[in-house]
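See below for entry13.txt, which holds compact mmCIF, C-alpha atoms.
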# COMPACT_ATOMS: atom_id res chain seq x y z
CA MET A 18 165.90 96.79 99.66
CA ALA A 19 164.19 99.71 101.38
CA ASN A 20 162.37 102.48 99.51
CA LEU A 21 162.36 106.26 99.82
CA LEU A 22 159.33 108.46 99.22
CA PRO A 23 158.63 112.14 99.83
CA ALA A 24 156.38 112.89 102.79
CA THR A 25 152.96 114.34 102.03
CA SER A 26 154.11 117.72 103.35
CA THR A 27 156.34 118.11 100.25
CA LYS A 28 153.49 117.35 97.78
CA GLY A 29 156.10 115.27 96.00
CA TYR A 30 157.55 118.32 94.25
CA GLY A 31 160.94 117.63 92.74
CA PHE A 32 161.03 113.93 93.64
CA ASP A 33 161.90 111.50 90.84
CA ALA A 34 161.42 107.89 91.92
CA ILE A 35 162.54 106.44 88.58
CA ASN A 36 165.93 108.17 88.65
CA SER A 37 166.22 108.34 92.47
CA ALA A 38 166.69 112.09 92.60
CA VAL A 39 165.18 115.08 94.34
CA ALA A 40 165.39 118.78 93.50
CA MET A 41 164.98 121.15 96.45
CA GLN A 42 165.71 124.74 97.44
CA THR A 43 168.30 126.43 99.60
CA GLY A 44 166.90 126.85 103.11
CA GLU A 45 164.15 124.30 102.54
CA LYS A 46 163.35 121.42 104.87
CA TYR A 47 162.27 118.46 102.74
CA ASP A 48 160.60 115.66 104.72
CA MET A 49 161.15 112.07 103.60
CA TRP A 50 159.77 108.63 104.39
CA LEU A 51 161.70 105.36 104.48
CA PHE A 52 159.79 102.11 104.03
CA GLY A 53 161.47 98.90 105.18
CA GLY A 54 165.01 98.52 106.43
CA GLU A 55 164.78 98.54 110.21
CA ASP A 56 168.57 98.31 110.47
CA ILE A 57 169.62 101.14 108.15
CA GLY A 58 171.95 104.01 108.90
CA LEU A 59 171.51 107.07 106.68
CA ASP A 60 174.43 109.24 105.63
CA ILE A 61 175.26 112.09 103.26
CA THR A 62 178.37 110.78 101.52
CA GLN A 63 178.93 113.68 99.13
CA GLY A 64 177.93 117.28 99.69
CA LYS A 65 177.75 117.44 103.48
CA ASP A 66 178.12 121.21 103.15
CA VAL A 67 175.20 121.28 100.68
CA VAL A 68 172.61 119.16 102.50
CA ALA A 69 172.10 118.38 106.18
CA LEU A 70 170.37 115.24 107.44
CA GLU A 71 167.90 116.13 110.20
CA SER A 72 165.17 114.67 112.43
CA VAL A 73 166.08 111.06 111.70
CA ASP A 74 163.66 108.69 113.46
CA MET A 75 164.30 105.00 112.82
CA SER A 76 162.49 103.88 115.97
CA ARG A 77 158.96 104.10 114.60
CA SER A 78 157.26 101.55 112.36
CA ASN A 79 156.85 102.20 108.64
CA PRO A 80 157.30 104.78 107.47
CA ARG A 81 160.46 105.83 109.24
CA THR A 82 161.09 109.54 108.88
CA PHE A 83 163.89 112.01 108.29
CA SER A 84 164.40 115.42 106.69
CA LEU A 85 166.83 116.98 104.25
CA ARG A 86 167.86 120.60 104.77
CA GLY A 87 169.21 122.55 101.80
CA LEU A 88 172.22 124.53 103.05
CA LYS A 89 173.48 126.00 99.80
CA GLU A 90 173.33 125.42 96.06
CA GLY A 91 175.04 122.26 94.90
CA SER A 92 174.72 118.48 94.75
CA ALA A 93 174.75 115.79 97.40
CA THR A 94 174.18 112.04 97.71
CA LEU A 95 172.22 110.20 100.40
CA VAL A 96 172.97 106.53 101.07
CA GLY A 97 171.50 104.00 103.47
CA ARG A 98 173.69 101.17 104.77
CA LEU A 99 172.81 98.19 106.93
CA THR A 100 174.00 98.49 110.52
CA GLN A 101 174.04 94.70 110.98
CA ASP A 102 173.78 91.52 108.92
CA VAL A 103 170.27 90.93 107.56
CA GLY A 104 169.58 87.66 105.75
CA GLY A 105 172.11 87.38 102.95
CA TRP A 106 173.06 91.05 103.28
CA LYS A 107 176.18 91.99 105.21
CA SER A 108 176.50 94.90 107.60
CA GLY A 109 177.63 97.99 105.70
CA ALA A 110 175.89 97.00 102.46
CA GLU A 111 173.90 99.74 100.74
CA PHE A 112 170.22 98.98 101.26
CA ILE A 113 168.56 101.89 99.44
CA GLN A 114 169.16 103.19 95.97
CA PRO A 115 171.44 106.22 96.50
CA LEU A 116 169.45 109.45 96.29
CA THR A 117 170.90 112.29 94.22
CA ILE A 118 170.01 115.65 95.77
CA ARG A 119 170.15 118.88 93.77
CA VAL A 120 169.83 122.10 95.76
CA GLY A 121 168.93 125.23 93.83
CA PRO A 122 168.36 128.85 94.87
CA ALA A 123 165.88 129.75 97.58
CA LYS A 124 162.28 130.04 96.35
CA ALA A 125 163.33 129.00 92.82
CA GLY A 126 161.17 125.89 92.61
CA HIS A 127 161.87 122.19 92.62
CA ALA A 128 163.50 121.67 89.23
CA GLN A 129 167.01 121.11 87.93
CA VAL A 130 166.18 123.16 84.83
CA ARG A 131 164.59 126.58 85.30
CA GLY A 132 163.40 128.96 82.64
CA LYS A 133 160.56 131.08 81.37
CA VAL A 134 159.69 132.05 77.81
CA SER A 135 158.55 135.62 77.16
CA VAL A 136 155.78 136.83 74.85
CA ASP A 137 158.25 137.44 72.01
CA GLY A 138 159.68 133.93 72.28
CA LYS A 139 162.81 134.89 74.17
CA GLY A 140 163.86 133.36 77.43
CA SER A 141 166.74 132.13 79.50
CA ILE A 142 167.20 128.51 80.56
CA VAL A 143 169.28 127.78 83.67
CA VAL A 144 170.52 124.23 84.25
CA HIS A 145 171.78 123.10 87.66
CA PRO A 146 175.55 122.46 87.29
CA GLY A 147 175.25 118.95 88.73
CA PHE A 148 172.40 118.12 86.39
CA ARG A 149 174.37 119.53 83.45
CA ASP A 150 177.20 117.13 84.29
CA GLU A 151 174.72 114.26 84.58
CA LEU A 152 173.22 115.02 81.16
CA ARG A 153 176.62 115.26 79.50
CA ALA A 154 177.68 111.98 81.10
CA LEU A 155 174.78 110.24 79.35
CA LYS A 156 176.54 110.89 76.01
CA ASP A 157 173.19 110.40 74.30
CA TRP A 158 170.98 113.35 73.38
CA ARG A 159 167.87 111.15 73.32
CA LYS A 160 168.37 110.07 76.92
CA ALA A 161 169.24 113.65 77.87
CA VAL A 162 166.08 115.18 76.43
CA ILE A 163 163.94 112.62 78.29
CA ARG A 164 165.77 113.36 81.56
CA VAL A 165 164.94 117.05 81.13
CA ALA A 166 161.29 116.14 80.46
CA GLU A 167 161.21 114.01 83.62
CA ASP A 168 162.71 116.85 85.63
CA GLN A 169 160.00 119.25 84.46
CA MET A 170 157.28 116.66 85.03
CA ASN A 171 158.34 116.09 88.64
CA SER A 172 158.64 119.79 89.50
CA GLU A 173 155.70 121.83 90.80
CA ILE A 174 155.31 123.13 87.24
CA GLY A 175 154.52 119.67 85.92
CA SER A 176 152.80 118.49 89.11
CA THR A 177 150.04 121.11 89.12
CA GLN A 178 147.15 121.64 86.74
CA ASN A 179 148.13 125.09 85.45
CA GLY A 180 151.85 124.98 86.24
CA GLY A 181 153.06 125.29 82.66
CA ASP A 182 150.83 128.21 81.69
CA GLY A 183 153.05 131.21 80.97
CA ILE A 184 156.26 129.18 81.42
CA TYR A 185 156.95 127.49 78.07
CA ASP A 186 154.95 130.00 76.03
CA ASP A 187 152.77 133.07 76.52
CA LYS A 188 149.88 132.75 78.99
CA ASP A 189 146.69 131.07 77.77
CA ILE A 190 148.51 129.49 74.81
CA MET A 191 148.28 125.76 74.14
CA TRP A 192 151.91 125.08 75.01
CA CYS A 193 152.33 121.34 74.35
CA GLY A 194 154.66 121.84 71.38
CA SER A 195 156.47 124.78 72.97
CA PHE A 196 157.25 122.48 75.90
CA VAL A 197 159.00 120.02 73.58
CA SER A 198 161.00 122.88 72.02
CA PHE A 199 162.02 123.93 75.55
CA LEU A 200 163.41 120.42 76.12
CA TYR A 201 165.44 120.54 72.92
CA ALA A 202 166.66 124.06 73.63
CA THR A 203 167.86 122.86 77.03
CA ILE A 204 170.02 120.03 75.70
CA ALA A 205 171.43 122.33 73.00
CA GLY A 206 172.65 124.61 75.78
CA VAL A 207 174.16 121.70 77.69
CA ASP A 208 176.26 120.31 74.83
CA SER A 209 177.07 122.20 71.63
CA THR A 210 177.07 118.93 69.66
CA TRP A 211 173.37 118.64 70.51
CA ALA A 212 172.46 121.88 68.73
CA ASN A 213 169.17 121.44 66.88
CA SER A 214 166.42 123.26 65.02
CA LEU A 215 163.60 121.96 67.25
CA GLY A 216 164.81 124.14 70.11
CA ALA A 217 166.22 126.98 68.02
CA GLY A 218 163.03 128.99 68.60
CA LEU A 219 160.95 129.17 71.77
CA GLY A 220 157.33 130.12 72.36
CA VAL A 221 155.92 131.99 69.38
CA ASN A 222 159.06 131.06 67.41
CA SER A 223 158.91 127.35 68.20
CA PRO A 224 158.84 125.11 65.10
CA LEU A 225 156.72 122.72 67.17
CA ARG A 226 154.17 125.26 68.41
CA SER A 227 151.34 123.42 66.64
CA GLY A 228 150.93 120.06 64.99
CA ILE A 229 150.80 121.43 61.44
CA LYS A 230 153.81 123.66 62.11
CA ALA A 231 155.77 120.68 63.45
CA LEU A 232 154.80 118.57 60.44
CA SER A 233 155.76 121.42 58.10
CA HIS A 234 159.17 121.77 59.75
CA ALA A 235 159.84 118.08 59.18
CA MET A 236 158.61 118.21 55.58
CA GLN A 237 160.86 121.20 54.85
CA ASN A 238 163.91 119.31 56.16
CA PRO A 239 163.69 115.81 54.65
CA GLY A 240 167.37 115.12 55.26
CA ARG A 241 166.96 115.51 59.02
CA PHE A 242 163.46 114.15 59.63
CA THR A 243 161.35 111.25 58.39
CA VAL A 244 157.57 111.54 58.61
CA LEU A 245 155.60 108.35 59.28
CA ASN A 246 151.85 107.70 58.95
CA TYR A 247 151.19 110.70 56.73
CA ALA A 248 150.75 111.44 53.04
CA GLY A 249 149.53 114.80 51.80
CA ASP A 250 150.25 118.50 51.65
CA ASP A 251 152.19 120.78 53.95
CA GLN A 252 149.29 122.51 55.72
CA PHE A 253 151.45 125.31 57.15
CA ALA A 254 153.99 126.33 54.50
CA GLY A 255 155.00 125.31 51.01
CA ALA A 256 157.07 122.17 51.36
CA PRO A 257 156.58 119.52 48.65
CA PRO A 258 153.81 117.07 49.54
CA ILE A 259 154.46 113.58 50.84
CA LYS A 260 153.07 111.30 48.15
CA VAL A 261 153.67 107.88 49.69
CA GLU A 262 152.68 107.10 53.27
CA ARG A 263 155.29 105.23 55.30
CA LEU A 264 153.88 103.29 58.23
CA VAL A 265 155.47 102.65 61.59
CA GLY A 266 157.32 99.36 61.32
CA SER A 267 158.07 99.72 57.61
CA GLY A 268 161.82 100.13 58.02
CA VAL A 269 162.29 103.40 59.93
CA GLU A 270 162.82 102.71 63.63
CA LEU A 271 161.18 105.25 65.91
CA GLN A 272 163.22 106.10 68.99
CA GLN A 273 162.90 107.78 72.34
CA GLY A 274 162.86 111.55 71.84
CA ASP A 275 161.05 111.45 68.48
CA ILE A 276 157.85 113.46 68.04
CA CYS A 277 154.22 112.30 68.01
CA LEU A 278 151.40 114.37 66.46
CA PRO A 279 147.92 113.03 67.35
CA ARG A 280 144.98 113.92 65.08
CA ASP A 281 141.35 113.97 66.15
CA GLN A 282 138.44 112.22 64.41
CA TYR A 283 138.20 115.09 61.91
CA GLY A 284 141.84 114.81 60.87
CA VAL A 285 142.84 117.98 62.74
CA PHE A 286 146.32 118.02 64.26
CA ARG A 287 145.59 118.77 67.90
CA HIS A 288 148.69 118.03 69.95
CA VAL A 289 152.49 117.66 70.04
CA CYS A 290 154.29 115.30 72.42
CA ILE A 291 157.59 113.46 72.78
CA LEU A 292 158.06 109.70 72.56
CA TYR A 293 159.13 107.94 75.75
CA LYS A 294 158.58 104.31 74.74
CA PRO A 295 158.34 104.17 70.93
CA PRO A 296 156.19 101.71 68.98
CA THR A 297 157.87 99.00 66.92
CA GLY A 298 155.00 98.58 64.47
CA ASN A 299 151.26 98.76 65.02
CA THR A 300 151.95 98.40 68.74
CA ASP A 301 151.43 100.37 71.92
CA PHE A 302 153.66 103.28 72.88
CA ILE A 303 154.13 105.86 75.64
CA CYS A 304 154.64 109.62 75.34
CA ILE A 305 155.44 112.45 77.72
CA ASP A 306 152.87 115.19 77.20
CA GLY A 307 152.71 118.82 78.22
CA ASN A 308 149.53 120.88 78.63
CA THR A 309 147.41 117.83 79.47
CA PHE A 310 144.59 120.06 80.73
CA GLY A 311 144.42 122.02 77.47
CA ASN A 312 141.96 121.90 74.58
CA TYR A 313 143.20 118.43 73.67
CA VAL A 314 143.38 115.85 76.45
CA PRO A 315 145.60 112.92 75.40
CA SER A 316 144.21 109.43 75.82
CA GLY A 317 145.71 107.03 78.34
CA LEU A 318 147.05 109.70 80.68
CA ARG A 319 148.99 108.42 83.68
CA ARG A 320 148.90 111.39 86.04
CA GLY A 321 150.66 110.19 89.15
CA ASN A 322 150.42 113.70 90.59
CA ASN A 323 147.44 115.05 88.60
CA GLY A 324 149.79 117.49 86.90
CA CYS A 325 149.93 119.17 83.50
CA ILE A 326 152.98 117.17 82.35
CA ALA A 327 152.43 113.42 82.36
CA TYR A 328 152.97 110.09 80.66
CA SER A 329 150.30 108.88 78.24
CA SER A 330 149.82 105.33 76.97
CA HIS A 331 148.45 104.57 73.51
CA ASP A 332 147.47 101.49 71.50
CA GLN A 333 147.92 100.77 67.79
CA ALA A 334 150.44 103.27 66.47
CA ASN A 335 149.04 102.81 62.95
CA GLN A 336 145.40 103.21 63.98
CA GLN A 337 143.24 104.53 61.15
CA TYR A 338 140.22 106.84 61.24
CA THR A 339 137.57 107.53 58.60
CA ILE A 340 136.06 110.99 58.07
CA GLN A 341 132.33 110.82 58.84
CA ALA A 342 131.37 114.52 58.92
CA LYS A 343 131.73 117.61 56.74
CA THR A 344 131.96 120.14 59.57
CA TYR A 345 132.96 120.22 63.22
CA LYS A 346 132.78 122.68 66.10
CA THR A 347 135.77 123.97 68.01
CA LYS A 348 135.81 124.18 71.79
CA SER A 349 134.72 127.82 71.50
CA GLY A 350 131.70 126.79 69.40
CA GLU A 351 133.03 127.96 66.02
CA GLU A 352 131.94 125.74 63.13
CA LYS A 353 134.67 124.75 60.67
CA ASN A 354 134.79 122.68 57.52
CA VAL A 355 136.56 119.34 57.68
CA ARG A 356 139.67 119.54 55.52
CA LEU A 357 139.37 115.96 54.25
CA SER A 358 136.45 114.67 52.20
CA MET A 359 133.80 112.31 53.54
CA GLY A 360 135.05 108.73 53.69
CA SER A 361 138.72 109.70 53.61
CA LYS A 362 141.00 107.58 55.76
CA PHE A 363 143.94 108.87 57.79
CA ARG A 364 146.16 107.80 60.67
CA HIS A 365 145.33 108.86 64.20
CA TYR A 366 149.03 109.28 65.05
CA VAL A 367 151.64 110.93 62.84
CA PHE A 368 155.27 110.52 63.90
CA ILE A 369 158.41 112.51 63.16
CA HIS A 370 161.62 110.51 63.39
CA ILE A 371 164.69 112.65 63.99
CA ASP A 372 167.34 111.28 61.65
CA LYS A 373 169.93 113.78 62.87
CA LEU A 374 169.80 116.85 65.09
CA SER A 375 171.46 119.24 62.66

Rewritten as structure tokens:
Amino acid sequence: MANLLPATSTKGYGFDAINSAVAMQTGEKYDMWLFGGEDIGLDITQGKDVVALESVDMSRSNPRTFSLRGLKEGSATLVGRLTQDVGGWKSGAEFIQPLTIRVGPAKAGHAQVRGKVSVDGKGSIVVHPGFRDELRALKDWRKAVIRVAEDQMNSEIGSTQNGGDGIYDDKDIMWCGSFVSFLYATIAGVDSTWANSLGAGLGVNSPLRSGIKALSHAMQNPGRFTVLNYAGDDQFAGAPPIKVERLVGSGVELQQGDICLPRDQYGVFRHVCILYKPPTGNTDFICIDGNTFGNYVPSGLRRGNNGCIAYSSHDQANQQYTIQAKTYKTKSGEEKNVRLSMGSKFRHYVFIHIDKLS
């Protein structure tokens, strides 16, 4: 099989290798590379009025080159078929993974979901019609929320260091949790059966805007959420305390789309992210994180594009820390008292399992 990659001129914006998709703009010329497959003929099989295939050069050695031209908003599919028999492959066989092409408005960015949250927490979210159909066809809100996260990660918002600043929350706000609320607000707008409280408020109104606010939201709604790796008080509001700590692997199965709340060595909740590959016990796991250049830099970042939305890999979901100081300094230099007493033990990662959306 041959492989497609975006040419360096595109900076990779909008290209999703995992899902074989690209988001581009009306009027844009998007240069592509084809590796392997000397005997491939490229064709737009759906959406010929949406995307034009240009500057195809199969004569050169790897990479072979071609361009996509966005003609109007809509969806298209690019296929590559063998022009002659090759090995065990017959002429006419598809020899690349079909590429889904989403064309949005001119100068609107390389994303299938577009939106911006205002200072007061209001904002509109626009989903490309073709992407909306794709999400609905998944028939699984967990898969849908991850697809939206991947779309944002592959756009220029997620592919640049400061791309998310002023998009998912007000400018200069640590927006990691607001990003997750944006994802859940998006799927709620796609399918009414996916309505949920996590995306009911955006920006300043997001229930996930900080780690302690996210934990509080889960503690206030015990019928819809299960908290793992935490016992103690609600540090944000007045929910009843959790008296017995439940560990990952103790009977509640974490799933893709659940929430992870990392704590630092002082027990402070510093970050909010969404689970991509959940742990099954005291095992490794992978998250998708927003605001990766913020005050808290997640461990194990896998920045394929050096962007502010990225995967992060972690070991030992039930890892335990011990408090070894009475005070700590914030990034701004402010000294604060450690909430927990010296010698107290706590889990590095707290998880929120979503039992049901609403």

Just to confirm, what's the straight-line distance from CA of Gly97 (chain A) to CA of Lys28 (chain A) in Å (one decimal)? 23.1 Å

What's around region 303-320 of chain A at 8 Å? Count only C-alpha atoms, leave out sequence neighbours fewer than 4 positions away in its own chain, and write the answer as a PyMOL selection string. chain A and resi 166+175+178-179+181+191-194+196-197+277+287-295+324-331+348

Computed interatomic separation between CA of Tyr338 (chain A) and CA of Leu245 (chain A) (Å): 15.6 Å

Write out as a ChimeraX atom specification each polymer residue whose atoms come within 8 Å of Gln129 (chain A), counting only C-alpha atoms; drop sequence neighbours fewer than 6 positions from it. /A:40,119,121,144-145,148,168

Find the residues around Ser76 (chain A) up to 12 Å (all atoms listed in the file counted), leave out those fewer than 5 positions away in its own chain, and share them as a PyMOL selection string. chain A and resi 51+53-58+81-83

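Nearest-residue note for Ile204 (chain A): choosing from A:Asn246, A:Leu374, A:Asn335, A:Met75, the minimum distance belongs to A:Leu374, counting only C-alpha atoms.
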
Give the centre and edge lengths of an axis-aligned box, in Å to one decimal, that holds all listed atoms of region 31-46 of chain A with 5 Å on each side, as JSON.
{"center_x": 164.6, "center_y": 116.6, "center_z": 96.7, "size_x": 17.4, "size_y": 30.4, "size_z": 26.3}

Pairwise distance for CA of Glu71 (chain A) and CA of Glu151 (chain A), rounded to one decimal in Å: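 Computed distance, CA of Glu71 (chain A) to CA of Glu151 (chain A), equals 26.6 Å.
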
Spatial neighbours of Asn213 (chain A), 8 Å, all atoms listed in the file, chain gap at least 5 places, as a list of chain:residue names: A:Tyr201, A:Ala202, A:Ala205, A:Leu374, A:Ser375

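Here the question is which of A:Val103, A:Ile190, A:Val165, A:Met41 gets nearest to Pro122 (chain A) using only C-alpha atoms, and that residue is A:Met41.
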
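Proximity ranking of A:Asp250, A:Asp48, A:Asp157, A:Asp372 relative to Thr210 (chain A) places A:Asp157 first, based on only C-alpha atoms.
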
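The closest residue to Ala38 (chain A), picked from A:Ala212, A:Val73, A:Leu22, A:Ala123 and counting all atoms listed in the file, is A:Leu22.
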
So, counting all atoms listed in the file, which residue among A:Glu167, A:Asp102, A:Asp301, A:Asp281 is closest to Ile35 (chain A)?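 Closest to Ile35 (chain A), using all atoms listed in the file: A:Glu167.
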
Tell me, as a PyMOL selection string, which residues lie within 10 Å of Gly298 (chain A), counting only C-alpha atoms; anything in the same chain fewer than 3 positions away does not count. chain A and resi 264-271+295+301-302+333-335
